[in-house]
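Novice: upload.cif (mmCIF, C-alpha atoms and all ligand atoms) pasted underneath:
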data_protein
loop_
_atom_site.label_atom_id
_atom_site.label_comp_id
_atom_site.auth_asym_id
_atom_site.auth_seq_id
_atom_site.Cartn_x
_atom_site.Cartn_y
_atom_site.Cartn_z
CA MET A 45 15.19 12.46 -10.11
CA LYS A 46 15.25 10.44 -6.88
CA LYS A 47 16.36 6.82 -7.02
CA ILE A 48 15.91 4.27 -4.24
CA ASN A 49 17.08 0.69 -4.40
CA VAL A 50 15.42 -2.30 -2.76
CA ASN A 51 18.52 -4.39 -2.38
CA LEU A 52 17.57 -8.03 -2.92
CA LYS A 53 20.36 -9.48 -5.05
CA GLU A 54 18.74 -11.02 -8.16
CA ASN A 55 15.30 -9.73 -7.07
CA SER A 56 16.46 -6.15 -6.59
CA CYS A 57 14.10 -3.38 -7.55
CA GLU A 58 14.82 0.22 -8.47
CA ILE A 59 12.35 2.94 -7.54
CA PHE A 60 12.43 6.24 -9.43
CA ILE A 61 10.52 9.33 -8.33
CA GLN A 62 10.12 12.17 -10.79
CA LYS A 63 7.46 14.25 -12.48
CA ASN A 64 6.65 12.82 -15.93
CA ILE A 65 8.92 9.83 -15.31
CA LEU A 66 7.12 7.85 -18.05
CA ASN A 67 8.89 10.06 -20.61
CA ARG A 68 12.10 8.33 -19.54
CA PHE A 69 10.62 4.84 -19.70
CA ARG A 70 12.70 3.59 -22.63
CA THR A 71 16.00 4.74 -21.12
CA ILE A 72 15.21 3.21 -17.74
CA ALA A 73 13.94 -0.01 -19.35
CA ASP A 74 17.13 -0.31 -21.40
CA GLN A 75 19.32 0.29 -18.34
CA SER A 76 17.36 -2.34 -16.41
CA ASN A 77 17.51 -4.82 -19.29
CA LEU A 78 13.73 -4.85 -19.81
CA LYS A 79 13.88 -5.58 -23.49
CA GLY A 80 10.89 -7.81 -24.29
CA ARG A 81 7.46 -6.91 -25.65
CA TYR A 82 5.39 -4.62 -23.42
CA PHE A 83 1.93 -5.48 -22.06
CA LEU A 84 0.00 -2.90 -20.09
CA LEU A 85 -2.56 -3.33 -17.33
CA LEU A 86 -4.23 0.02 -16.83
CA ASP A 87 -6.68 1.37 -14.23
CA SER A 88 -9.82 2.56 -16.05
CA ASN A 89 -9.97 5.79 -14.02
CA VAL A 90 -6.35 6.62 -14.76
CA ASN A 91 -7.04 5.96 -18.43
CA ARG A 92 -9.72 8.66 -18.31
CA LYS A 93 -8.11 11.15 -15.91
CA ALA A 94 -4.59 11.08 -17.33
CA LYS A 95 -5.60 10.68 -20.97
CA GLU A 96 -2.78 12.72 -22.50
CA LYS A 97 -0.03 11.16 -20.41
CA ILE A 98 -1.31 7.66 -21.16
CA SER A 99 -1.81 8.26 -24.89
CA LYS A 100 1.71 9.61 -25.20
CA PHE A 101 3.10 6.61 -23.31
CA LEU A 102 1.17 4.16 -25.50
CA SER A 103 2.38 5.76 -28.69
CA ASP A 104 6.00 6.21 -27.43
CA GLN A 105 6.15 2.55 -26.46
CA ASN A 106 4.18 1.25 -29.41
CA ILE A 107 1.53 -0.42 -27.24
CA SER A 108 -1.85 -1.02 -28.89
CA ASN A 109 -3.55 -4.42 -28.56
CA GLU A 110 -1.37 -5.17 -25.55
CA LYS A 111 -3.33 -2.66 -23.46
CA MET A 112 -5.75 -4.18 -20.92
CA ILE A 113 -8.04 -1.89 -18.96
CA LEU A 114 -9.44 -2.93 -15.58
CA SER A 115 -11.84 -1.13 -13.28
CA ALA A 116 -10.20 -1.07 -9.82
CA SER A 117 -12.45 -2.70 -7.24
CA GLU A 118 -11.88 -5.39 -4.64
CA LYS A 119 -14.48 -7.47 -6.54
CA ASN A 120 -12.30 -7.28 -9.66
CA LYS A 121 -9.18 -8.31 -7.76
CA SER A 122 -10.21 -11.83 -8.60
CA PHE A 123 -9.52 -15.06 -10.49
CA VAL A 124 -11.96 -13.89 -13.18
CA SER A 125 -9.86 -10.77 -13.88
CA LEU A 126 -6.64 -12.76 -13.63
CA GLU A 127 -7.96 -15.23 -16.21
CA LYS A 128 -8.81 -12.38 -18.57
CA ILE A 129 -5.34 -10.86 -18.24
CA LEU A 130 -3.51 -14.17 -18.69
CA GLY A 131 -5.89 -15.19 -21.50
CA ARG A 132 -5.19 -12.00 -23.40
CA MET A 133 -1.45 -12.41 -22.97
CA ILE A 134 -1.61 -15.97 -24.28
CA LYS A 135 -3.72 -14.85 -27.23
CA LEU A 136 -1.15 -12.19 -28.09
CA ASN A 137 1.73 -14.65 -27.73
CA ALA A 138 3.40 -13.09 -24.71
CA ASN A 139 6.54 -15.01 -23.88
CA ARG A 140 8.98 -15.31 -20.98
CA ASP A 141 10.73 -12.09 -22.03
CA SER A 142 7.54 -10.05 -22.12
CA LEU A 143 7.17 -7.24 -19.62
CA LEU A 144 3.94 -6.42 -17.81
CA ILE A 145 3.51 -2.77 -16.88
CA ALA A 146 0.84 -2.05 -14.25
CA ILE A 147 -0.39 1.55 -14.14
CA GLY A 148 -2.86 2.24 -11.34
CA GLY A 149 -3.46 2.02 -7.61
CA GLY A 150 -2.87 -0.89 -5.26
CA ILE A 151 -5.53 -3.05 -6.86
CA ILE A 152 -4.01 -2.86 -10.33
CA GLY A 153 -0.51 -3.27 -8.88
CA ASP A 154 -1.46 -6.33 -6.82
CA ILE A 155 -3.30 -8.19 -9.60
CA GLY A 156 -0.84 -7.07 -12.29
CA GLY A 157 2.04 -8.26 -10.15
CA PHE A 158 0.33 -11.59 -9.56
CA ALA A 159 -0.33 -12.03 -13.29
CA ALA A 160 3.39 -11.36 -13.87
CA ALA A 161 4.31 -13.80 -11.09
CA THR A 162 2.24 -16.59 -12.63
CA TYR A 163 2.53 -16.08 -16.40
CA SER A 164 5.02 -18.59 -17.72
CA ARG A 165 6.21 -19.15 -14.11
CA GLY A 166 7.10 -15.51 -13.74
CA ILE A 167 7.87 -12.63 -16.07
CA LYS A 168 9.27 -9.20 -15.25
CA TYR A 169 6.97 -6.34 -14.38
CA VAL A 170 7.01 -2.62 -13.74
CA GLN A 171 4.74 -0.78 -11.33
CA VAL A 172 3.56 2.74 -12.03
CA PRO A 173 1.57 3.63 -8.89
CA THR A 174 -1.08 6.32 -9.33
CA THR A 175 -2.63 6.59 -5.86
CA LEU A 176 -0.87 8.01 -2.81
CA LEU A 177 -1.26 4.66 -1.04
CA ALA A 178 0.30 2.80 -3.94
CA CYS A 179 3.17 5.32 -4.20
CA VAL A 180 4.13 5.09 -0.52
CA ASP A 181 3.30 1.48 0.16
CA SER A 182 1.76 -1.13 -2.12
CA SER A 183 4.06 -0.67 -5.14
CA VAL A 184 7.12 -1.42 -3.00
CA GLY A 185 7.92 -4.81 -1.51
CA GLY A 186 6.73 -7.35 -4.07
CA LYS A 187 3.55 -8.58 -2.39
CA THR A 188 1.15 -9.51 -5.16
CA GLY A 189 -2.20 -11.24 -5.07
CA ILE A 190 -5.94 -11.45 -5.46
CA ASN A 191 -8.96 -11.94 -3.19
CA PHE A 192 -10.67 -15.33 -3.06
CA SER A 193 -13.54 -16.90 -1.17
CA GLY A 194 -14.31 -13.60 0.52
CA ILE A 195 -10.79 -13.30 1.93
CA LYS A 196 -8.57 -10.41 0.89
CA ASN A 197 -5.18 -11.20 -0.66
CA ILE A 198 -5.46 -14.89 0.26
CA VAL A 199 -4.02 -16.07 -3.06
CA GLY A 200 -0.74 -14.49 -4.04
CA SER A 201 3.00 -14.56 -4.16
CA TYR A 202 6.09 -12.49 -3.53
CA HIS A 203 7.28 -11.19 -6.88
CA GLN A 204 9.40 -8.05 -6.96
CA PRO A 205 8.81 -5.50 -9.69
CA SER A 206 12.02 -4.81 -11.62
CA VAL A 207 11.31 -1.12 -11.52
CA VAL A 208 8.78 1.19 -9.83
CA LEU A 209 8.18 4.53 -11.56
CA ILE A 210 6.53 7.16 -9.37
CA ASP A 211 5.17 10.29 -10.99
CA PRO A 212 3.51 12.40 -8.24
CA GLU A 213 1.63 14.31 -10.98
CA PHE A 214 -0.77 11.38 -11.30
CA LEU A 215 -2.05 12.10 -7.77
CA LYS A 216 -3.59 15.45 -8.74
CA THR A 217 -6.82 13.78 -9.90
CA LEU A 218 -7.32 11.65 -6.77
CA LYS A 219 -10.45 11.99 -4.69
CA PRO A 220 -9.82 13.37 -1.16
CA ALA A 221 -10.88 10.02 0.34
CA GLU A 222 -8.02 8.34 -1.55
CA VAL A 223 -5.56 10.98 -0.36
CA LEU A 224 -6.64 10.34 3.25
CA SER A 225 -6.12 6.64 2.66
CA GLY A 226 -2.52 7.19 1.54
CA MET A 227 -1.98 9.49 4.53
CA GLY A 228 -2.78 6.52 6.79
CA GLU A 229 0.21 4.57 5.51
CA ILE A 230 2.42 7.68 5.69
CA ILE A 231 1.52 8.14 9.39
CA LYS A 232 2.45 4.48 9.85
CA TYR A 233 5.89 5.00 8.28
CA ALA A 234 6.48 8.13 10.36
CA LEU A 235 5.65 6.25 13.57
CA LEU A 236 7.85 3.32 12.61
CA SER A 237 10.69 5.62 11.63
CA ASP A 238 11.67 8.51 13.92
CA GLU A 239 10.60 11.78 15.64
CA GLU A 240 11.91 13.91 12.80
CA PHE A 241 9.76 12.13 10.18
CA PHE A 242 6.75 12.23 12.54
CA ASP A 243 7.23 15.98 13.17
CA TYR A 244 7.46 16.62 9.43
CA VAL A 245 4.12 14.87 8.93
CA ARG A 246 2.58 16.66 11.95
CA ASN A 247 3.62 20.05 10.53
CA ASN A 248 2.48 19.32 6.97
CA LEU A 249 -0.87 17.56 7.26
CA ASN A 250 -2.81 20.28 5.44
CA SER A 251 -0.18 20.59 2.70
CA LEU A 252 -0.13 16.84 2.24
CA TYR A 253 -3.93 16.67 2.04
CA SER A 254 -3.95 19.41 -0.60
CA LEU A 255 -1.17 17.56 -2.44
CA ASN A 256 1.49 20.24 -2.19
CA THR A 257 4.12 19.05 -4.68
CA LYS A 258 7.15 19.46 -2.41
CA VAL A 259 5.54 17.85 0.64
CA VAL A 260 4.11 14.93 -1.35
CA ALA A 261 7.47 14.22 -3.01
CA GLU A 262 9.28 14.43 0.35
CA LEU A 263 6.86 12.06 2.09
CA ILE A 264 6.79 9.56 -0.76
CA GLU A 265 10.58 9.45 -0.68
CA ARG A 266 10.79 9.05 3.11
CA SER A 267 8.12 6.33 3.20
CA VAL A 268 9.58 4.40 0.27
CA LYS A 269 13.10 4.60 1.74
CA PHE A 270 11.86 3.21 5.03
CA LYS A 271 9.90 0.38 3.43
CA ALA A 272 12.73 -0.48 1.02
CA GLY A 273 15.12 -0.77 3.97
CA VAL A 274 12.82 -3.17 5.83
CA VAL A 275 11.96 -5.28 2.77
CA ALA A 276 15.65 -5.62 1.89
CA GLN A 277 16.24 -7.29 5.27
CA ASP A 278 13.29 -9.67 5.17
CA GLU A 279 11.82 -10.02 1.67
CA LYS A 280 9.43 -12.88 2.38
CA GLU A 281 8.59 -12.19 6.02
CA THR A 282 10.57 -15.18 7.25
CA LEU A 283 12.72 -13.33 9.80
CA GLY A 284 10.02 -11.31 11.56
CA ILE A 285 11.62 -7.97 10.57
CA ARG A 286 8.97 -7.12 7.97
CA LYS A 287 6.22 -7.66 10.55
CA ILE A 288 6.62 -4.09 11.82
CA LEU A 289 5.02 -2.89 8.57
CA ASN A 290 1.76 -4.28 9.92
CA LEU A 291 1.44 -1.55 12.57
CA GLY A 292 -2.29 -0.74 12.76
CA HIS A 293 -3.11 -3.52 10.30
CA THR A 294 -4.45 -6.21 12.65
CA PHE A 295 -7.15 -3.80 13.80
CA GLY A 296 -7.28 -2.21 10.33
CA HIS A 297 -8.01 -5.45 8.46
CA ALA A 298 -10.71 -6.30 10.99
CA ILE A 299 -12.30 -2.88 10.46
CA GLU A 300 -12.22 -3.39 6.68
CA ALA A 301 -13.87 -6.83 7.02
CA ASP A 302 -16.47 -5.54 9.50
CA GLN A 303 -17.30 -2.66 7.14
CA ASN A 304 -17.61 -5.04 4.16
CA TYR A 305 -14.60 -3.37 2.55
CA LYS A 306 -16.58 -0.14 2.08
CA ILE A 307 -13.87 1.75 4.00
CA LYS A 308 -10.58 2.53 2.22
CA HIS A 309 -7.62 0.43 3.34
CA GLY A 310 -5.45 3.35 4.52
CA GLN A 311 -8.35 4.93 6.39
CA ALA A 312 -8.92 1.66 8.24
CA VAL A 313 -5.18 1.66 8.98
CA ILE A 314 -5.40 5.10 10.65
CA ILE A 315 -8.22 3.88 12.89
CA GLY A 316 -6.21 0.68 13.45
CA ILE A 317 -3.17 2.73 14.49
CA VAL A 318 -5.29 4.61 17.05
CA CYS A 319 -6.63 1.29 18.44
CA SER A 320 -3.02 0.03 18.60
CA LEU A 321 -1.94 3.16 20.48
CA TYR A 322 -4.73 2.63 23.03
CA LEU A 323 -3.71 -1.02 23.39
CA SER A 324 -0.03 -0.05 23.72
CA LYS A 325 -0.96 2.36 26.54
CA ARG A 326 -3.27 -0.18 28.18
CA LEU A 327 -0.50 -2.78 28.24
CA GLY A 328 1.90 -0.27 29.78
CA LEU A 329 4.16 -0.18 26.74
CA LEU A 330 3.48 3.45 25.92
CA THR A 331 3.47 6.15 28.62
CA GLY A 332 0.43 8.44 28.89
CA LYS A 333 2.64 11.42 27.94
CA LYS A 334 3.95 9.73 24.80
CA PHE A 335 0.45 8.53 23.90
CA ASP A 336 -0.84 12.15 24.10
CA GLU A 337 2.07 13.40 21.99
CA ILE A 338 1.42 10.83 19.23
CA ILE A 339 -2.37 11.04 19.26
CA ASP A 340 -2.37 14.86 19.08
CA PRO A 341 -1.74 15.23 15.29
CA ILE A 342 -4.05 12.29 14.57
CA ASN A 343 -6.88 14.54 15.84
CA TRP A 344 -6.55 16.21 12.42
CA PHE A 345 -8.34 13.19 10.89
CA LYS A 346 -11.40 13.55 13.14
CA GLY A 347 -14.49 14.29 11.10
CA LYS A 348 -12.70 13.29 7.88
CA ILE A 349 -12.72 9.55 8.62
CA LYS A 350 -15.87 7.99 10.00
CA VAL A 351 -17.23 4.58 10.91
CA LYS A 352 -20.91 4.56 11.77
CA ASN A 353 -21.67 1.13 13.16
CA TYR A 354 -19.27 -1.59 14.02
CA ASN A 355 -19.46 -5.00 15.61
CA VAL A 356 -16.69 -5.81 18.08
CA ASN A 357 -17.38 -9.55 17.97
CA SER A 358 -17.20 -9.70 14.20
CA MET A 359 -13.96 -7.73 14.35
CA ILE A 360 -12.41 -10.16 16.83
CA ARG A 361 -13.52 -13.07 14.61
CA ALA A 362 -11.86 -11.36 11.63
CA MET A 363 -8.67 -10.82 13.65
CA LYS A 364 -8.51 -14.49 14.54
CA LYS A 365 -8.59 -15.36 10.83
CA ASP A 366 -5.74 -12.95 10.04
CA LYS A 367 -2.99 -14.64 7.99
CA LYS A 368 -0.35 -13.22 10.34
CA ASN A 369 -1.54 -15.14 13.42
CA SER A 370 -0.27 -18.46 14.58
CA GLU A 371 -2.38 -21.12 16.35
CA GLY A 372 -5.41 -18.85 16.28
CA ARG A 373 -3.79 -16.32 18.63
CA ILE A 374 -4.10 -12.68 17.68
CA LYS A 375 -0.73 -10.96 17.34
CA PHE A 376 -0.30 -7.20 17.39
CA VAL A 377 2.42 -4.79 16.36
CA LEU A 378 2.53 -2.19 19.13
CA LEU A 379 4.56 0.91 19.93
CA LYS A 380 6.84 1.66 22.86
CA ASP A 381 7.81 5.00 21.32
CA ILE A 382 8.14 6.61 17.92
CA GLY A 383 10.57 4.34 16.08
CA LYS A 384 10.35 1.59 18.72
CA THR A 385 7.98 -1.26 17.91
CA LEU A 386 7.16 -4.59 19.46
CA VAL A 387 5.84 -7.44 17.32
CA ASN A 388 3.83 -10.57 18.16
CA VAL A 389 2.24 -8.93 21.23
CA GLU A 390 -0.77 -10.79 22.61
CA ALA A 391 -3.52 -9.30 24.77
CA GLU A 392 -6.58 -10.38 26.73
CA ARG A 393 -9.87 -10.29 24.86
CA GLY A 394 -11.18 -7.55 27.19
CA GLN A 395 -8.15 -5.36 26.49
CA ILE A 396 -8.64 -5.79 22.74
CA VAL A 397 -12.35 -4.97 22.99
CA ASP A 398 -11.64 -1.84 25.05
CA SER A 399 -9.00 -0.66 22.57
CA ILE A 400 -11.41 -1.14 19.65
CA ASN A 401 -14.12 0.82 21.45
CA GLU A 402 -11.68 3.63 22.33
CA GLY A 403 -10.33 3.78 18.77
CA MET A 404 -13.82 3.89 17.28
CA LYS A 405 -14.97 6.53 19.78
CA PHE A 406 -11.99 8.68 18.79
CA PHE A 407 -13.35 8.97 15.23
CA LYS A 408 -17.02 9.29 16.11
N1 LIG B 501 0.91 -5.21 -2.12
C1 LIG B 501 0.96 -4.54 -1.01
O1 LIG B 501 1.99 -4.51 -0.31
C2 LIG B 501 -0.23 -3.75 -0.56
C3 LIG B 501 -0.12 -2.83 0.51
C4 LIG B 501 -1.23 -2.07 0.85
C5 LIG B 501 -2.43 -2.22 0.14
N2 LIG B 501 -2.49 -3.14 -0.86
C6 LIG B 501 -3.73 -3.32 -1.62
O2 LIG B 501 -3.94 -2.11 -2.36
C7 LIG B 501 -5.33 -1.97 -2.62
C8 LIG B 501 -5.73 -0.56 -2.34
O3 LIG B 501 -4.99 0.26 -3.18
P1 LIG B 501 -5.41 1.78 -3.42
O4 LIG B 501 -5.70 2.42 -2.14
O5 LIG B 501 -4.36 2.36 -4.30
O6 LIG B 501 -6.79 1.65 -4.14
P2 LIG B 501 -7.32 1.36 -5.64
O7 LIG B 501 -6.32 0.68 -6.46
O8 LIG B 501 -8.65 0.73 -5.45
O9 LIG B 501 -7.55 2.83 -6.17
C9 LIG B 501 -8.49 3.63 -5.52
C10 LIG B 501 -9.38 4.38 -6.52
O10 LIG B 501 -8.62 5.41 -7.11
C11 LIG B 501 -8.72 5.33 -8.54
N3 LIG B 501 -7.49 5.91 -9.05
C12 LIG B 501 -6.27 5.34 -9.15
N4 LIG B 501 -5.37 6.24 -9.56
C13 LIG B 501 -6.04 7.39 -9.76
C14 LIG B 501 -5.66 8.70 -10.17
N5 LIG B 501 -4.38 9.02 -10.42
N6 LIG B 501 -6.62 9.65 -10.26
C15 LIG B 501 -7.91 9.37 -9.96
N7 LIG B 501 -8.33 8.17 -9.54
C16 LIG B 501 -7.40 7.19 -9.44
C17 LIG B 501 -8.96 3.88 -8.81
O11 LIG B 501 -9.56 3.68 -10.06
C18 LIG B 501 -9.88 3.52 -7.65
O12 LIG B 501 -11.19 3.91 -7.96
C19 LIG B 501 -6.04 -2.99 -1.74
O13 LIG B 501 -6.52 -4.04 -2.54
C20 LIG B 501 -4.95 -3.48 -0.79
O14 LIG B 501 -5.14 -4.81 -0.41
C21 LIG B 501 -1.43 -3.89 -1.23
#
Before anything else, please render the file you have as structure tokens.
Ligand SMILES: NC(=O)c1ccc[n+]([C@@H]2O[C@H](COP(=O)([O-])OP(=O)(O)OC[C@H]3O[C@@H](n4cnc5c(N)ncnc54)[C@H](O)[C@@H]3O)[C@@H](O)[C@H]2O)c1
Specialist:
Amino acid sequence: MKKINVNLKENSCEIFIQKNILNRFRTIADQSNLKGRYFLLLDSNVNRKAKEKISKFLSDQNISNEKMILSASEKNKSFVSLEKILGRMIKLNANRDSLLIAIGGGIIGDIGGFAAATYSRGIKYVQVPTTLLACVDSSVGGKTGINFSGIKNIVGSYHQPSVVLIDPEFLKTLKPAEVLSGMGEIIKYALLSDEEFFDYVRNNLNSLYSLNTKVVAELIERSVKFKAGVVAQDEKETLGIRKILNLGHTFGHAIEADQNYKIKHGQAVIIGIVCSLYLSKRLGLLTGKKFDEIIDPINWFKGKIKVKNYNVNSMIRAMKKDKKNSEGRIKFVLLKDIGKTLVNVEAERGQIVDSINEGMKFFK
């Protein structure tokens, strides 16, 4: 079993990676002092696809009425769903010692975490991520929230899970589009980290896509370790350190908004990373040679990720609304090299437009 700690004093979180980790739930919960009554928020697809695993967990942990099933969609990452979750917990007399367990992808993790952050001013929660994206990214770091007024994740809070339990076995039933989405965040971590991590990804793209057990476990561990290290230094994004995790995300969020959220988050991130690489080269931060070296393995995604029509103006408008900007100025995370990032970089409108067009053309 692998164990990674997000070191945040009283908000610290322990991440465990192991096949069938839910079988050890009670032991881990006892060690982490998670003693209250258990409530479960469960992704409806996981409920169907991992029936046996879930049934065993429910009976082992004596969870019956406390199970809440939610269909994972951006539309359901809403106040309406939040109200239902909180309402059910009130009805069943959840108290400050109750524990909310969220089993599912990033949507279930984000809304479950936010329900835990707000119920009774904050109760403990456990994340059990079941998508590749949630395993490598969204389950770690304590960002929770819901969409509101057409804006993604605009209402939320930082609330660290006490424990994250990663069972790579869950991923076996994922659709290929979801695997690609998780691969986007893995590429991001490799680029933020070092050449060795990037080379490992470059050499294992096919194995990762086909969910080879060893490769998946290795890349989950590397990504989580990197993110845990960054989050531990800047939990609430007040010091600027955590900003690097937004590599590819300024463009990526704009692509998601322009595509009416029909494109998967991690897929938009891959396109966003390519746009960022073009912008990094254009601004003279990245040499042509380095650009070619980094872009080469990303060619693997060509034909697998597609955007048909896009509107540059709507994308720039979306970028200006990005939560991460200040005074309406668009800020980018760009690369000087693998493992060397620059944050808060600004660019001329024309340079941004050209980088979007180049990034989109790359995937055409
Ligand atoms: N909190 C954070 O730091 C953070 C970071 C990145 C993304 N996010 C958020 O995460 C969300 C995206 O998460 P996601 O990519 O995991 O998508 P998701 O939660 O929508 O899951 C994708 C699909 O896979 C299904 N699914 C989940 N597990 C499955 C399994 N094991 N087998 C088969 N199907 C399964 C879901 O039902 C859904 O249909 C977005 O809302 C995004 O804003 C949050």
Novice: For a cut-off of 8 Å around (9.0, 4.3, 7.9), file coordinates, pick out all residues using all atoms listed in the file and list them as number ranges by chain.
Specialist: A: 230, 232-238, 266-271
Novice: Show which residues sit within 12 Å of Arg92 (chain A), as a PyMOL selection string. Count all atoms listed in the file, and ignore same-chain residues fewer than 6 positions away.
Specialist: chain A and resi 86+98-99+113-115+148+214+217
Novice: Can you build me a table of chain A residues sitting at most 7 Å from ligand LIG 501 (chain B), with the closest atom pair per residue and its distance in Å to one decimal, using all atoms listed in the file, sorted by chain and residue number, as a Markdown table?
Specialist:
| residue | atom | partner | partner_atom | distance |
| --- | --- | --- | --- | --- |
| A:Asp87 | CA | B:LIG501 | O11 | 5.6 |
| A:Ser88 | CA | B:LIG501 | O11 | 6.1 |
| A:Asn89 | CA | B:LIG501 | O11 | 4.5 |
| A:Val90 | CA | B:LIG501 | C13 | 5.1 |
| A:Lys93 | CA | B:LIG501 | N6 | 6.0 |
| A:Ser115 | CA | B:LIG501 | O11 | 6.2 |
| A:Ala116 | CA | B:LIG501 | O11 | 4.8 |
| A:Ser117 | CA | B:LIG501 | O8 | 5.4 |
| A:Glu118 | CA | B:LIG501 | O13 | 5.9 |
| A:Gly148 | CA | B:LIG501 | N4 | 5.0 |
| A:Gly149 | CA | B:LIG501 | O7 | 3.4 |
| A:Gly150 | CA | B:LIG501 | O3 | 3.2 |
| A:Ile151 | CA | B:LIG501 | O7 | 3.8 |
| A:Ile152 | CA | B:LIG501 | O7 | 5.7 |
| A:Asp154 | CA | B:LIG501 | N1 | 5.4 |
| A:Thr174 | CA | B:LIG501 | N4 | 4.3 |
| A:Thr175 | CA | B:LIG501 | N4 | 4.6 |
| A:Leu176 | CA | B:LIG501 | O5 | 6.8 |
| A:Leu177 | CA | B:LIG501 | O5 | 5.1 |
| A:Ala178 | CA | B:LIG501 | O5 | 4.7 |
| A:Asp181 | CA | B:LIG501 | C3 | 5.5 |
| A:Ser182 | CA | B:LIG501 | C2 | 3.6 |
| A:Ser183 | CA | B:LIG501 | N1 | 6.3 |
| A:Val184 | CA | B:LIG501 | O1 | 6.6 |
| A:Gly185 | CA | B:LIG501 | O1 | 6.1 |
| A:Gly186 | CA | B:LIG501 | N1 | 6.5 |
| A:Lys187 | CA | B:LIG501 | N1 | 4.3 |
| A:Thr188 | CA | B:LIG501 | N1 | 5.3 |
| A:Lys196 | CA | B:LIG501 | O14 | 6.7 |
| A:Asn197 | CA | B:LIG501 | O14 | 6.4 |
| A:Phe214 | CA | B:LIG501 | N5 | 4.4 |
| A:Leu215 | CA | B:LIG501 | N5 | 4.7 |
| A:Lys216 | CA | B:LIG501 | N5 | 6.7 |
| A:Thr217 | CA | B:LIG501 | N6 | 4.2 |
| A:Leu218 | CA | B:LIG501 | C15 | 4.0 |
| A:Lys219 | CA | B:LIG501 | C15 | 6.4 |
| A:Glu222 | CA | B:LIG501 | C9 | 6.2 |
| A:Ser225 | CA | B:LIG501 | O4 | 6.4 |
| A:Gly226 | CA | B:LIG501 | O4 | 6.8 |
| A:Lys308 | CA | B:LIG501 | O4 | 6.5 |
| A:His309 | CA | B:LIG501 | C8 | 6.1 |
| A:Gly310 | CA | B:LIG501 | O4 | 6.7 |
Novice: Which is closer to Asp104 (chain A) than all the others in A:Ser125, A:Ile147, A:Phe69, A:Gly80, using only C-alpha atoms?
Specialist: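 Comparing A:Ser125, A:Ile147, A:Phe69, A:Gly80 against Asp104 (chain A), the winner is A:Phe69.
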Novice: Counting all atoms listed in the file, what is within 10 Å of region 331-334 of chain A, bar same-chain residues fewer than 6 positions away, as an mmCIF file with C-alpha atoms, keeping the file's coordinate frame?
Specialist:
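The new file selection-v6.cif reads:
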data_model
loop_
_atom_site.group_PDB
_atom_site.id
_atom_site.type_symbol
_atom_site.label_atom_id
_atom_site.label_comp_id
_atom_site.auth_asym_id
_atom_site.auth_seq_id
_atom_site.Cartn_x
_atom_site.Cartn_y
_atom_site.Cartn_z
ATOM 1 C CA LEU A 321 -1.940 3.160 20.480
ATOM 2 C CA TYR A 322 -4.730 2.630 23.030
ATOM 3 C CA SER A 324 -0.030 -0.050 23.720
ATOM 4 C CA LYS A 325 -0.960 2.360 26.540
ATOM 5 C CA ASP A 340 -2.370 14.860 19.080
ATOM 6 C CA LYS A 380 6.840 1.660 22.860
ATOM 7 C CA ASP A 381 7.810 5.000 21.320
ATOM 8 C CA ILE A 382 8.140 6.610 17.920
#
Novice: Taking (-6.2, 9.7, 18.0) in the file's own coordinates, collect the residues within 6 Å, counting all atoms listed in the file, and hand them back as a list in words.
Specialist: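 Here is the list of nearby residues: Val318, Ile339, Ile342, Asn343 and Phe406 of chain A.
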Novice: So the first atom is CA of Met112 (chain A) and the second is CA of Arg165 (chain A); what is the distance between them in Å, to one decimal place?
Specialist: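 These atoms are spaced 20.3 Å apart.
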Novice: Show which residues sit within 8 Å of Val389 (chain A), as a VMD selection string. Count all atoms listed in the file, and ignore same-chain residues fewer than 4 positions away.
Specialist: chain A and resid 375 to 378
Novice: Take CA of Tyr169 (chain A) and CA of Tyr82 (chain A) and report the distance between them in Å, one decimal.
Specialist: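 Taking CA of Tyr169 (chain A) and CA of Tyr82 (chain A), their separation equals 9.3 Å.
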Novice: Identify which of the residues A:Glu127, A:Asp278, A:Glu390, A:Glu265 lies closest to Ile48 (chain A), counting all atoms listed in the file when measuring atom-to-atom distances.
Specialist: A:Glu265
Novice: So that I can check the surroundings of Ala159 (chain A), please list as a list in words every protein, DNA and RNA residue that reaches within 8 Å of it, counting all atoms listed in the file and ignoring chain neighbours fewer than 3 positions away.
Specialist: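 Within the cut-off, the hits are Leu126, Ile129, Leu130, Ile155, Gly156, Thr162 and Tyr163 of chain A.
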Novice: Could you name the residues that touch Asn290 (chain A) at 12 Å or less, counting all atoms listed in the file, but leaving out those on the same chain fewer than 2 positions away, as a PyMOL selection string?
Specialist: chain A and resi 181+229+232-233+235-236+271+274+281+284-288+292-297+310+313-314+316-317+320+366-369+375-379+385-388
